[in-house]
file entry05.json (JSON, C-alpha atoms)
[["chain", "number", "residue", "atom", "x", "y", "z"],
["A", 5, "MET", "CA", -15.61, 15.30, 19.78],
["A", 6, "ARG", "CA", -18.78, 14.07, 18.10],
["A", 7, "LEU", "CA", -18.14, 16.44, 15.18],
["A", 8, "LEU", "CA", -14.54, 15.26, 14.84],
["A", 9, "ASN", "CA", -15.65, 11.62, 14.76],
["A", 10, "ILE", "CA", -18.14, 12.40, 12.00],
["A", 11, "LEU", "CA", -15.56, 14.34, 9.97],
["A", 12, "ALA", "CA", -13.10, 11.45, 10.42],
["A", 13, "LEU", "CA", -15.63, 9.29, 8.55],
["A", 14, "VAL", "CA", -17.15, 11.79, 6.09],
["A", 15, "ILE", "CA", -13.82, 12.98, 4.63],
["A", 16, "PRO", "CA", -12.61, 9.42, 3.88],
["A", 17, "ILE", "CA", -15.99, 8.61, 2.30],
["A", 18, "ILE", "CA", -15.67, 11.59, -0.07],
["A", 19, "LEU", "CA", -12.10, 10.66, -0.98],
["A", 20, "GLN", "CA", -13.06, 7.01, -1.44],
["A", 21, "VAL", "CA", -15.79, 7.99, -3.91],
["A", 22, "CYS", "CA", -13.22, 10.06, -5.84],
["A", 23, "ILE", "CA", -10.82, 7.09, -5.94],
["A", 24, "LEU", "CA", -13.55, 4.76, -7.15],
["A", 25, "VAL", "CA", -14.57, 7.19, -9.92],
["A", 26, "LEU", "CA", -10.95, 7.71, -10.99],
["A", 27, "LEU", "CA", -10.30, 3.96, -11.11],
["A", 28, "LEU", "CA", -13.28, 3.53, -13.43],
["A", 29, "LYS", "CA", -12.30, 6.57, -15.49],
["A", 30, "ARG", "CA", -8.75, 5.25, -15.94],
["A", 31, "ARG", "CA", -10.17, 1.75, -16.61],
["A", 32, "LEU", "CA", -7.95, 0.24, -13.95],
["A", 33, "GLN", "CA", -10.59, -1.96, -12.28],
["A", 34, "ARG", "CA", -9.46, -5.02, -14.24],
["A", 35, "ARG", "CA", -5.75, -4.35, -13.92],
["A", 36, "PHE", "CA", -6.02, -3.92, -10.13],
["A", 37, "VAL", "CA", -8.98, -6.12, -9.31],
["A", 38, "TRP", "CA", -8.28, -6.57, -5.61],
["A", 39, "PHE", "CA", -7.53, -2.90, -5.05],
["A", 40, "PHE", "CA", -10.80, -2.02, -6.79],
["A", 41, "VAL", "CA", -12.67, -4.51, -4.57],
["A", 42, "TYR", "CA", -10.90, -3.04, -1.53],
["A", 43, "VAL", "CA", -11.94, 0.51, -2.42],
["A", 44, "LEU", "CA", -15.54, -0.56, -3.00],
["A", 45, "TYR", "CA", -15.66, -2.50, 0.26],
["A", 46, "ALA", "CA", -13.97, 0.30, 2.22],
["A", 47, "LEU", "CA", -16.57, 2.77, 0.93],
["A", 48, "LEU", "CA", -19.44, 0.56, 2.13],
["A", 49, "GLU", "CA", -17.58, -0.07, 5.38],
["A", 50, "LEU", "CA", -17.18, 3.66, 6.07],
["A", 51, "ILE", "CA", -20.83, 4.38, 5.30],
["A", 52, "LEU", "CA", -21.89, 1.62, 7.71],
["A", 53, "ARG", "CA", -19.60, 2.95, 10.43],
["A", 54, "LEU", "CA", -20.97, 6.44, 9.92],
["A", 55, "ALA", "CA", -24.54, 5.13, 10.29],
["A", 56, "VAL", "CA", -23.79, 3.64, 13.73],
["A", 57, "SER", "CA", -21.31, 6.29, 14.90],
["A", 58, "GLY", "CA", -23.81, 7.63, 17.43],
["A", 59, "ASN", "CA", -23.83, 4.33, 19.34],
["A", 60, "TYR", "CA", -20.37, 3.55, 20.73],
["A", 61, "GLY", "CA", -21.14, -0.08, 21.57],
["A", 62, "MET", "CA", -22.57, -0.79, 18.13],
["A", 63, "TYR", "CA", -19.76, 1.17, 16.43],
["A", 64, "PHE", "CA", -17.15, -0.93, 18.25],
["A", 65, "LYS", "CA", -18.78, -4.18, 17.07],
["A", 66, "VAL", "CA", -19.17, -2.95, 13.49],
["A", 67, "TYR", "CA", -15.61, -1.59, 13.38],
["A", 68, "TRP", "CA", -13.87, -4.79, 14.41],
["A", 69, "SER", "CA", -16.20, -7.14, 12.52],
["A", 70, "THR", "CA", -15.61, -5.25, 9.26],
["A", 71, "GLU", "CA", -11.89, -4.83, 9.95],
["A", 72, "ILE", "CA", -11.26, -8.54, 9.35],
["A", 73, "VAL", "CA", -12.38, -8.34, 5.72],
["A", 74, "ASP", "CA", -10.62, -5.00, 5.35],
["A", 75, "ALA", "CA", -7.30, -6.51, 6.45],
["A", 76, "THR", "CA", -7.74, -9.48, 4.10],
["A", 77, "LEU", "CA", -8.43, -7.24, 1.08],
["A", 78, "THR", "CA", -5.48, -5.04, 2.02],
["A", 79, "VAL", "CA", -3.12, -8.03, 1.90],
["A", 80, "LEU", "CA", -4.59, -9.18, -1.44],
["A", 81, "ALA", "CA", -4.26, -5.68, -2.96],
["A", 82, "LEU", "CA", -0.64, -5.42, -1.79],
["A", 83, "LYS", "CA", 0.16, -8.86, -3.19],
["A", 84, "GLU", "CA", -1.47, -7.95, -6.50],
["A", 85, "SER", "CA", 0.60, -4.79, -7.01],
["A", 86, "PHE", "CA", 3.83, -6.39, -5.77],
["A", 87, "LEU", "CA", 3.58, -9.39, -8.10],
["A", 88, "SER", "CA", 2.62, -7.12, -10.99],
["A", 89, "ILE", "CA", 6.18, -5.76, -10.80],
["A", 90, "PHE", "CA", 8.24, -8.57, -9.30],
["A", 91, "TRP", "CA", 6.62, -11.80, -10.49],
["A", 92, "PRO", "CA", 9.74, -12.87, -12.51],
["A", 93, "GLU", "CA", 12.03, -12.07, -9.56],
["A", 94, "THR", "CA", 10.06, -14.34, -7.21],
["A", 95, "ARG", "CA", 11.77, -17.28, -8.92],
["A", 96, "LEU", "CA", 15.11, -16.11, -7.51],
["A", 97, "ARG", "CA", 16.00, -17.91, -4.28],
["A", 98, "TRP", "CA", 17.84, -14.95, -2.72],
["A", 99, "PHE", "CA", 14.90, -12.66, -3.55],
["A", 100, "ARG", "CA", 12.48, -14.94, -1.69],
["A", 101, "TRP", "CA", 14.92, -15.28, 1.20],
["A", 102, "VAL", "CA", 15.32, -11.51, 1.61],
["A", 103, "PHE", "CA", 11.57, -10.93, 1.30],
["A", 104, "TRP", "CA", 10.44, -13.54, 3.82],
["A", 105, "SER", "CA", 13.28, -12.67, 6.22],
["A", 106, "GLY", "CA", 12.05, -9.07, 6.21],
["A", 107, "ILE", "CA", 8.46, -10.14, 6.81],
["A", 108, "GLY", "CA", 9.59, -12.50, 9.57],
["A", 109, "LEU", "CA", 11.49, -9.70, 11.31],
["A", 110, "ALA", "CA", 8.38, -7.52, 11.12],
["A", 111, "VAL", "CA", 6.27, -10.25, 12.76],
["A", 112, "VAL", "CA", 8.87, -10.75, 15.50],
["A", 113, "TYR", "CA", 9.05, -7.01, 16.12],
["A", 114, "GLY", "CA", 5.26, -6.77, 16.29],
["A", 115, "CYS", "CA", 5.12, -9.59, 18.85],
["A", 116, "TRP", "CA", 7.90, -8.05, 20.93],
["A", 117, "GLU", "CA", 6.27, -4.60, 20.88],
["A", 118, "ALA", "CA", 2.93, -6.07, 21.92],
["A", 119, "TRP", "CA", 4.63, -7.86, 24.81],
["A", 120, "ALA", "CA", 6.83, -4.93, 25.90],
["A", 121, "LEU", "CA", 4.18, -2.21, 25.52],
["A", 122, "PRO", "CA", 0.73, -3.77, 25.94],
["A", 123, "PRO", "CA", -2.23, -1.37, 25.53],
["A", 124, "GLN", "CA", -3.21, 0.21, 28.84],
["A", 125, "GLN", "CA", -6.68, 0.24, 30.43],
["A", 126, "VAL", "CA", -8.32, -2.20, 28.01],
["A", 127, "SER", "CA", -9.68, -5.72, 28.39],
["A", 128, "ARG", "CA", -7.70, -8.79, 27.38],
["A", 129, "LEU", "CA", -9.77, -9.16, 24.24],
["A", 130, "GLY", "CA", -9.30, -5.50, 23.38],
["A", 131, "ALA", "CA", -5.56, -5.77, 23.97],
["A", 132, "ALA", "CA", -5.35, -8.87, 21.75],
["A", 133, "VAL", "CA", -7.22, -7.13, 18.94],
["A", 134, "LEU", "CA", -5.05, -4.02, 19.18],
["A", 135, "ASP", "CA", -1.90, -6.15, 19.23],
["A", 136, "LEU", "CA", -2.98, -7.98, 16.07],
["A", 137, "GLU", "CA", -3.68, -4.66, 14.36],
["A", 138, "PHE", "CA", -0.26, -3.34, 15.36],
["A", 139, "GLY", "CA", 1.44, -6.51, 14.11],
["A", 140, "LEU", "CA", -0.31, -6.28, 10.74],
["A", 141, "ASN", "CA", 0.54, -2.59, 10.37],
["A", 142, "ALA", "CA", 4.19, -3.24, 11.27],
["A", 143, "THR", "CA", 4.34, -6.01, 8.66],
["A", 144, "ILE", "CA", 2.82, -3.75, 6.00],
["A", 145, "SER", "CA", 5.33, -1.02, 6.86],
["A", 146, "ILE", "CA", 8.27, -3.41, 6.39],
["A", 147, "PHE", "CA", 6.63, -4.73, 3.22],
["A", 148, "GLY", "CA", 6.62, -1.18, 1.84],
["A", 149, "LEU", "CA", 10.31, -0.73, 2.69],
["A", 150, "LEU", "CA", 11.19, -4.02, 1.01],
["A", 151, "TYR", "CA", 9.23, -2.99, -2.09],
["A", 152, "ALA", "CA", 11.04, 0.36, -2.28],
["A", 153, "GLY", "CA", 14.39, -1.37, -1.87],
["A", 154, "PHE", "CA", 13.64, -3.86, -4.65],
["A", 155, "ILE", "CA", 12.47, -1.07, -6.97],
["A", 156, "ARG", "CA", 15.77, 0.69, -6.40],
["A", 157, "PHE", "CA", 17.90, -2.44, -6.69],
["A", 158, "PHE", "CA", 16.34, -3.68, -9.94],
["A", 159, "ASN", "CA", 16.05, -0.12, -11.32],
["A", 160, "VAL", "CA", 12.39, -0.61, -12.26],
["A", 161, "LEU", "CA", 11.17, 2.32, -14.37],
["A", 162, "GLU", "CA", 7.46, 1.65, -14.96],
["A", 163, "HIS", "CA", 5.86, 1.28, -11.54],
["A", 164, "GLN", "CA", 3.77, 4.42, -10.96],
["A", 165, "ARG", "CA", 0.35, 2.89, -10.24],
["A", 166, "GLU", "CA", 1.68, -0.08, -8.28],
["A", 167, "SER", "CA", 3.95, 2.11, -6.18],
["A", 168, "ALA", "CA", 1.13, 4.53, -5.35],
["A", 169, "ILE", "CA", -1.06, 1.67, -4.11],
["A", 170, "ILE", "CA", 1.70, 0.18, -1.96],
["A", 171, "ILE", "CA", 2.92, 3.56, -0.64],
["A", 172, "GLY", "CA", -0.66, 4.48, 0.28],
["A", 173, "PHE", "CA", -1.13, 1.31, 2.34],
["A", 174, "THR", "CA", 2.34, 1.72, 3.87],
["A", 175, "ALA", "CA", 1.56, 5.29, 4.94],
["A", 176, "ILE", "CA", -1.74, 4.21, 6.49],
["A", 177, "ALA", "CA", -0.09, 1.39, 8.45],
["A", 178, "SER", "CA", 2.94, 3.40, 9.59],
["A", 179, "ILE", "CA", 1.01, 6.46, 10.78],
["A", 180, "ALA", "CA", -1.79, 4.40, 12.36],
["A", 181, "ASN", "CA", 0.70, 2.59, 14.60],
["A", 182, "PHE", "CA", 1.46, 5.89, 16.31],
["A", 183, "GLY", "CA", -2.11, 5.73, 17.59],
["A", 184, "TRP", "CA", -1.42, 2.26, 18.99],
["A", 185, "ILE", "CA", 1.80, 3.48, 20.64],
["A", 186, "THR", "CA", -0.06, 6.46, 22.14],
["A", 187, "ARG", "CA", -2.68, 4.11, 23.61],
["A", 188, "SER", "CA", -0.01, 1.70, 24.90],
["A", 189, "VAL", "CA", 2.08, 4.37, 26.61],
["A", 190, "PHE", "CA", -0.56, 6.79, 27.90],
["A", 191, "GLY", "CA", -3.68, 4.61, 28.14],
["A", 192, "THR", "CA", -6.87, 6.65, 27.80],
["A", 193, "ARG", "CA", -5.20, 9.92, 28.78],
["A", 194, "PHE", "CA", -5.07, 11.00, 25.13],
["A", 195, "ARG", "CA", -8.06, 9.02, 23.91],
["A", 196, "LEU", "CA", -9.07, 11.59, 21.30],
["A", 197, "LEU", "CA", -5.57, 11.67, 19.82],
["A", 198, "SER", "CA", -5.26, 7.89, 19.71],
["A", 199, "ARG", "CA", -8.59, 7.71, 17.86],
["A", 200, "LEU", "CA", -7.86, 10.51, 15.41],
["A", 201, "ILE", "CA", -4.41, 9.26, 14.36],
["A", 202, "PRO", "CA", -5.77, 6.20, 12.46],
["A", 203, "ALA", "CA", -8.35, 8.44, 10.74],
["A", 204, "VAL", "CA", -5.63, 10.90, 9.69],
["A", 205, "ALA", "CA", -3.49, 7.98, 8.51],
["A", 206, "TYR", "CA", -6.30, 6.71, 6.29],
["A", 207, "ILE", "CA", -6.90, 10.17, 4.83],
["A", 208, "VAL", "CA", -3.18, 10.46, 4.00],
["A", 209, "GLY", "CA", -3.30, 7.12, 2.19],
["A", 210, "GLU", "CA", -6.39, 8.16, 0.25],
["A", 211, "LEU", "CA", -4.75, 11.45, -0.76],
["A", 212, "ILE", "CA", -1.76, 9.50, -2.10],
["A", 213, "TRP", "CA", -4.06, 7.32, -4.23],
["A", 214, "THR", "CA", -6.16, 10.26, -5.39],
["A", 215, "ARG", "CA", -3.12, 12.32, -6.37],
["A", 216, "ASP", "CA", -1.69, 9.47, -8.41],
["A", 217, "LEU", "CA", -4.95, 8.67, -10.19],
["A", 218, "LEU", "CA", -5.39, 12.32, -11.16],
["A", 219, "ARG", "CA", -2.13, 12.15, -13.11],
["A", 220, "PRO", "CA", -1.64, 10.25, -16.37],
["A", 221, "GLU", "CA", 0.49, 7.16, -16.05],
["A", 222, "TRP", "CA", 4.11, 7.62, -17.03],
["A", 223, "LYS", "CA", 5.48, 5.08, -19.48],
["A", 224, "LEU", "CA", 8.73, 4.67, -21.34],
["A", 225, "PRO", "CA", 8.57, 6.56, -24.65],
["A", 226, "ASP", "CA", 7.61, 4.46, -27.64],
["A", 227, "PRO", "CA", 10.57, 4.20, -30.03],
["A", 228, "GLY", "CA", 8.15, 4.31, -32.98],
["A", 229, "LEU", "CA", 10.12, 1.67, -34.90],
["A", 230, "THR", "CA", 9.32, -1.92, -35.66],
["A", 231, "LEU", "CA", 11.77, -4.67, -34.75],
["A", 232, "GLU", "CA", 12.86, -4.99, -38.39],
["A", 233, "GLU", "CA", 13.50, -1.25, -38.65],
["A", 234, "MET", "CA", 15.52, -1.29, -35.42],
["A", 235, "ASN", "CA", 17.62, -4.21, -36.73],
["A", 236, "SER", "CA", 18.24, -2.30, -39.95],
["A", 237, "VAL", "CA", 19.41, 0.79, -38.07],
["A", 238, "MET", "CA", 21.68, -1.30, -35.85],
["A", 239, "ALA", "CA", 23.17, -2.99, -38.92],
["A", 240, "ARG", "CA", 24.04, 0.39, -40.45],
["A", 241, "TYR", "CA", 25.72, 1.49, -37.21],
["A", 242, "VAL", "CA", 27.73, -1.72, -37.13],
["A", 243, "VAL", "CA", 28.95, -1.11, -40.70],
["A", 244, "LEU", "CA", 29.97, 2.45, -39.83],
["A", 245, "LEU", "CA", 31.76, 1.24, -36.72],
["A", 246, "GLN", "CA", 33.65, -1.39, -38.70],
["A", 247, "LYS", "CA", 34.75, 1.23, -41.27],
["A", 248, "TYR", "CA", 35.89, 3.54, -38.50],
["A", 249, "LEU", "CA", 37.88, 0.80, -36.77],
["A", 250, "GLY", "CA", 39.43, -0.15, -40.15],
["A", 251, "ARG", "CA", 40.64, 3.40, -40.68],
["A", 252, "GLN", "CA", 42.07, 3.53, -37.17],
["A", 253, "ALA", "CA", 44.03, 0.36, -37.85]]

call {"tool": "encode", "arguments": {"input": "entry05.json", "output": "structure tokens"}}
result
Amino acid sequence: MRLLNILALVIPIILQVCILVLLLKRRLQRRFVWFFVYVLYALLELILRLAVSGNYGMYFKVYWSTEIVDATLTVLALKESFLSIFWPETRLRWFRWVFWSGIGLAVVYGCWEAWALPPQQVSRLGAAVLDLEFGLNATISIFGLLYAGFIRFFNVLEHQRESAIIIGFTAIASIANFGWITRSVFGTRFRLLSRLIPAVAYIVGELIWTRDLLRPEWKLPDPGLTLEEMNSVMARYVVLLQKYLGRQA
């Protein structure tokens, strides 16, 4: 178990270093400032957790004290990528209504789940912390679904980097909540499983980010014509169309 706990921290550290290097290599640190800050903070956070992993009491304190900043940076990184794509659409009333209704439903579901299936064999404080984590993860999961739906609805073509960031966080949140459900239903009976699921979730998210950053960003092909040249071509087509319609008449 000790070895598994160490691997659950070492593997994410290695992947986080790769993500940080790739962000700098692709020169994306200014385009995605909050995601870059999140990756940097998460790397330091993981190293600190690894340093105290031998002391369960200290690890518990470090984990939850660093998790507050982690959650804040996660929200900021998600907001950054979302607005990078949908900033103009946020002016639409129906868009805002659909978005906040979805987020509201996620919050209500998180509260209901915490009430219906409270974590077993933990203190009140521990249960409250776990419930907050579940609620945040449920909200992020719904956020990811809303983002995917909007991408489809508006037929957005250039969204590779932003989508990878949001999908990565969504995967982490969705898979990690299975650990919460395991703890709520079975208590400490499957303690190892409930601890490993969040680690696996984080590794999956990191693999999504790493895979995307290893690939060049897809963009719409450049037409290679200036606006004046495009107008000239369009004018010629209009003349040909008029001649054709004249002959048909």

call {"tool": "residues_around", "arguments": {"input": "entry05.json", "residues": "A:Gly148", "least_positions_apart": "2", "cutoff": "9 Å", "atoms": "all atoms listed in the file", "output": "list in words"}}
result
Thr143, Ile144, Ser145, Ile146, Leu150, Tyr151, Ala152, Gly153, Ile170, Ile171, Phe173, Thr174 and Ala175 of chain A

call {"tool": "atom_distance", "arguments": {"input": "entry05.json", "atom1": "atom CA of A:Arg95", "atom2": "atom CA of A:Leu32"}}
result
26.9 Å

call {"tool": "closest_residue", "arguments": {"input": "entry05.json", "among": "A:Ala46, A:Phe90, A:Arg35, A:Leu11", "to": "A:Ile72", "atoms": "only C-alpha atoms"}}
result
A:Ala46

call {"tool": "atom_distance", "arguments": {"input": "entry05.json", "atom1": "atom CA of A:Glu221", "atom2": "atom CA of A:Gln33"}}
result
14.8 Å

call {"tool": "residues_around", "arguments": {"input": "entry05.json", "residues": "A:Glu210", "least_positions_apart": "6", "cutoff": "7 Å", "atoms": "all atoms listed in the file", "output": "MDAnalysis selection string"}}
result
chainID A and resid 19:20 172

call {"tool": "closest_residue", "arguments": {"input": "entry05.json", "among": "A:Asp135, A:Glu166, A:Glu232, A:Asp216", "to": "A:Asn181", "atoms": "all atoms listed in the file"}}
result
A:Asp135

call {"tool": "atom_distance", "arguments": {"input": "entry05.json", "atom1": "atom CA of A:Leu161", "atom2": "atom CA of A:Ile89"}}
result
10.1 Å

call {"tool": "axis_aligned_box", "arguments": {"input": "entry05.json", "around": "stretch 199-216 of chain A", "padding_each_side": "3 Å", "output": "AutoDock Vina command-line options"}}
result
--center_x -5.1 --center_y 9.3 --center_z 4.7 --size_x 12.9 --size_y 12.1 --size_z 32.3

call {"tool": "closest_residue", "arguments": {"input": "entry05.json", "among": "A:Ala142, A:Leu47, A:Leu96, A:Leu24", "to": "A:Val111", "atoms": "all atoms listed in the file"}}
result
A:Ala142

call {"tool": "residues_around", "arguments": {"input": "entry05.json", "residues": "A:Thr76", "least_positions_apart": "4", "cutoff": "12 Å", "atoms": "only C-alpha atoms", "output": "PDB file with C-alpha atoms, keeping the file's coordinate frame"}}
result
ATOM      1  CA  TRP A  38      -8.280  -6.570  -5.610  1.00  0.00           C
ATOM      2  CA  PHE A  39      -7.530  -2.900  -5.050  1.00  0.00           C
ATOM      3  CA  VAL A  41     -12.670  -4.510  -4.570  1.00  0.00           C
ATOM      4  CA  TYR A  42     -10.900  -3.040  -1.530  1.00  0.00           C
ATOM      5  CA  TYR A  45     -15.660  -2.500   0.260  1.00  0.00           C
ATOM      6  CA  ALA A  46     -13.970   0.300   2.220  1.00  0.00           C
ATOM      7  CA  THR A  70     -15.610  -5.250   9.260  1.00  0.00           C
ATOM      8  CA  GLU A  71     -11.890  -4.830   9.950  1.00  0.00           C
ATOM      9  CA  ILE A  72     -11.260  -8.540   9.350  1.00  0.00           C
ATOM     10  CA  LEU A  80      -4.590  -9.180  -1.440  1.00  0.00           C
ATOM     11  CA  ALA A  81      -4.260  -5.680  -2.960  1.00  0.00           C
ATOM     12  CA  LEU A  82      -0.640  -5.420  -1.790  1.00  0.00           C
ATOM     13  CA  LYS A  83       0.160  -8.860  -3.190  1.00  0.00           C
ATOM     14  CA  LEU A 140      -0.310  -6.280  10.740  1.00  0.00           C
TER      15      LEU A 140
END

call {"tool": "residues_around", "arguments": {"input": "entry05.json", "residues": "A:Ala180", "least_positions_apart": "5", "cutoff": "9 Å", "atoms": "all atoms listed in the file", "output": "list in words"}}
result
Phe138, Asn141, Ala175, Ser198, Ile201, Pro202, Ala203, Val204, Ala205 and Tyr206 of chain A

call {"tool": "closest_residue", "arguments": {"input": "entry05.json", "among": "A:Gln246, A:Thr78, A:Ser85, A:Thr94", "to": "A:Ala168", "atoms": "all atoms listed in the file"}}
result
A:Ser85

call {"tool": "closest_residue", "arguments": {"input": "entry05.json", "among": "A:Ala75, A:Ile10, A:Leu87, A:Leu44", "to": "A:Gly58", "atoms": "all atoms listed in the file"}}
result
A:Ile10

call {"tool": "closest_residue", "arguments": {"input": "entry05.json", "among": "A:Ala177, A:Val37, A:Leu54, A:Val102", "to": "A:Ile207", "atoms": "only C-alpha atoms"}}
result
A:Ala177

call {"tool": "residues_around", "arguments": {"input": "entry05.json", "residues": "A:Ala55", "least_positions_apart": "6", "cutoff": "12 Å", "atoms": "all atoms listed in the file", "output": "ChimeraX atom specification"}}
result
/A:9-10,13-14,48-49,62-63,66-67
